[in-house]
Amino acid sequence: MKRTILITCFLFFGLVFKGIGQTVYSSDKGEKYHTADCRLSGDAEPLKLSAAKKAGKGACDICKPNDLGKAKLNQCSGKTADGTRCKRMTSNKNKKCYQHQ
Ligand SMILES: [Zn+2]
Ligand SMILES: [Zn+2]
């Protein structure tokens, strides 16, 4: 019985921390929130994901801040036309960006 309560607590706090811990970026007037490196984040200020959602902001379609932490990013293993390694980051399992699939 005690064990069940303990596990429930762990699961609960795990979920809570996952939601609260994530930082996204949004300007005061922005309707979208972004990841730190999104080209649209501009003069955005860091804020908690939960706060951004509370303020009625939506996730950016380009940087997809909701995928943060879920997918691990790898540098693309493909090569560019001039023979250097592709600098794109990708969450694809085969470590190839959309251009080098
Ligand atoms: Zn964005
Ligand atoms: Zn690539």
# chains A, B, ... in the order shown; residues from 1 in each chain; ligands from 1

call {"tool": "residues_near_ligand", "arguments": {"ligand": "ligand 2", "cutoff": "8 Å", "atoms": "only C-alpha atoms and all ligand atoms", "output": "mmCIF file with N, CA and C atoms, in the first residue's frame"}}
result
data_model
loop_
_atom_site.group_PDB
_atom_site.id
_atom_site.type_symbol
_atom_site.label_atom_id
_atom_site.label_comp_id
_atom_site.auth_asym_id
_atom_site.auth_seq_id
_atom_site.Cartn_x
_atom_site.Cartn_y
_atom_site.Cartn_z
ATOM 1 N N GLN A 75 23.159 16.570 -34.591
ATOM 2 C CA GLN A 75 23.579 17.266 -35.800
ATOM 3 C C GLN A 75 23.438 16.305 -36.968
ATOM 4 N N CYS A 76 22.934 16.820 -38.070
ATOM 5 C CA CYS A 76 22.731 15.995 -39.264
ATOM 6 C C CYS A 76 24.063 15.387 -39.704
ATOM 7 N N SER A 77 24.021 14.120 -40.085
ATOM 8 C CA SER A 77 25.250 13.445 -40.491
ATOM 9 C C SER A 77 25.485 13.538 -41.996
ATOM 10 N N GLY A 78 24.615 14.261 -42.673
ATOM 11 C CA GLY A 78 24.759 14.424 -44.120
ATOM 12 C C GLY A 78 25.825 15.458 -44.467
ATOM 13 N N LYS A 79 26.174 15.518 -45.726
ATOM 14 C CA LYS A 79 27.163 16.499 -46.177
ATOM 15 C C LYS A 79 26.512 17.505 -47.113
ATOM 16 N N THR A 80 26.990 18.710 -47.030
ATOM 17 C CA THR A 80 26.473 19.740 -47.927
ATOM 18 C C THR A 80 27.197 19.656 -49.264
ATOM 19 N N ARG A 85 30.256 19.166 -43.283
ATOM 20 C CA ARG A 85 29.146 18.504 -42.610
ATOM 21 C C ARG A 85 27.971 19.462 -42.468
ATOM 22 N N CYS A 86 26.782 18.909 -42.694
ATOM 23 C CA CYS A 86 25.563 19.689 -42.564
ATOM 24 C C CYS A 86 25.432 20.196 -41.135
ATOM 25 N N LYS A 87 25.057 21.472 -40.990
ATOM 26 C CA LYS A 87 24.970 22.061 -39.650
ATOM 27 C C LYS A 87 23.556 22.010 -39.077
ATOM 28 N N ARG A 88 22.630 21.486 -39.804
ATOM 29 C CA ARG A 88 21.255 21.408 -39.299
ATOM 30 C C ARG A 88 21.159 20.427 -38.145
ATOM 31 N N MET A 89 20.296 20.762 -37.199
ATOM 32 C CA MET A 89 20.013 19.841 -36.114
ATOM 33 C C MET A 89 18.737 19.084 -36.474
ATOM 34 N N THR A 90 18.692 17.833 -36.104
ATOM 35 C CA THR A 90 17.521 17.040 -36.439
ATOM 36 C C THR A 90 17.141 16.115 -35.295
ATOM 37 N N LYS A 96 19.483 12.358 -39.939
ATOM 38 C CA LYS A 96 19.556 13.121 -41.183
ATOM 39 C C LYS A 96 18.451 14.175 -41.153
ATOM 40 N N CYS A 97 18.810 15.401 -41.550
ATOM 41 C CA CYS A 97 17.811 16.440 -41.585
ATOM 42 C C CYS A 97 16.878 16.207 -42.773
ATOM 43 N N TYR A 98 15.857 17.022 -42.860
ATOM 44 C CA TYR A 98 14.854 16.805 -43.905
ATOM 45 C C TYR A 98 15.452 16.869 -45.306
ATOM 46 N N GLN A 99 16.565 17.581 -45.444
ATOM 47 C CA GLN A 99 17.195 17.718 -46.767
ATOM 48 C C GLN A 99 18.048 16.513 -47.134
ATOM 49 N N HIS A 100 18.505 15.811 -46.106
ATOM 50 C CA HIS A 100 19.437 14.697 -46.370
ATOM 51 C C HIS A 100 18.810 13.325 -46.143
ATOM 52 N N GLN A 101 17.501 13.284 -46.092
ATOM 53 C CA GLN A 101 16.838 11.993 -45.890
ATOM 54 C C GLN A 101 17.183 11.003 -46.984
#

call {"tool": "residues_near_ligand", "arguments": {"ligand": "ligand 1", "cutoff": "10 Å", "atoms": "only C-alpha atoms and all ligand atoms", "output": "PyMOL selection string"}}
result
chain A and resi 24-26+32-42+59-65

call {"tool": "atom_distance", "arguments": {"atom1": "CA of Leu47 in chain A", "atom2": "CA of Asn74 in chain A"}}
result
25.3 Å

call {"tool": "closest_residue", "arguments": {"among": "A:Ala55, A:Leu49, A:Leu73, A:Ala44", "to": "Ser91 in chain A", "atoms": "only C-alpha atoms"}}
result
A:Leu73

call {"tool": "atom_distance", "arguments": {"atom1": "CA of Lys29 in chain A", "atom2": "CA of Lys53 in chain A"}}
result
13.8 Å
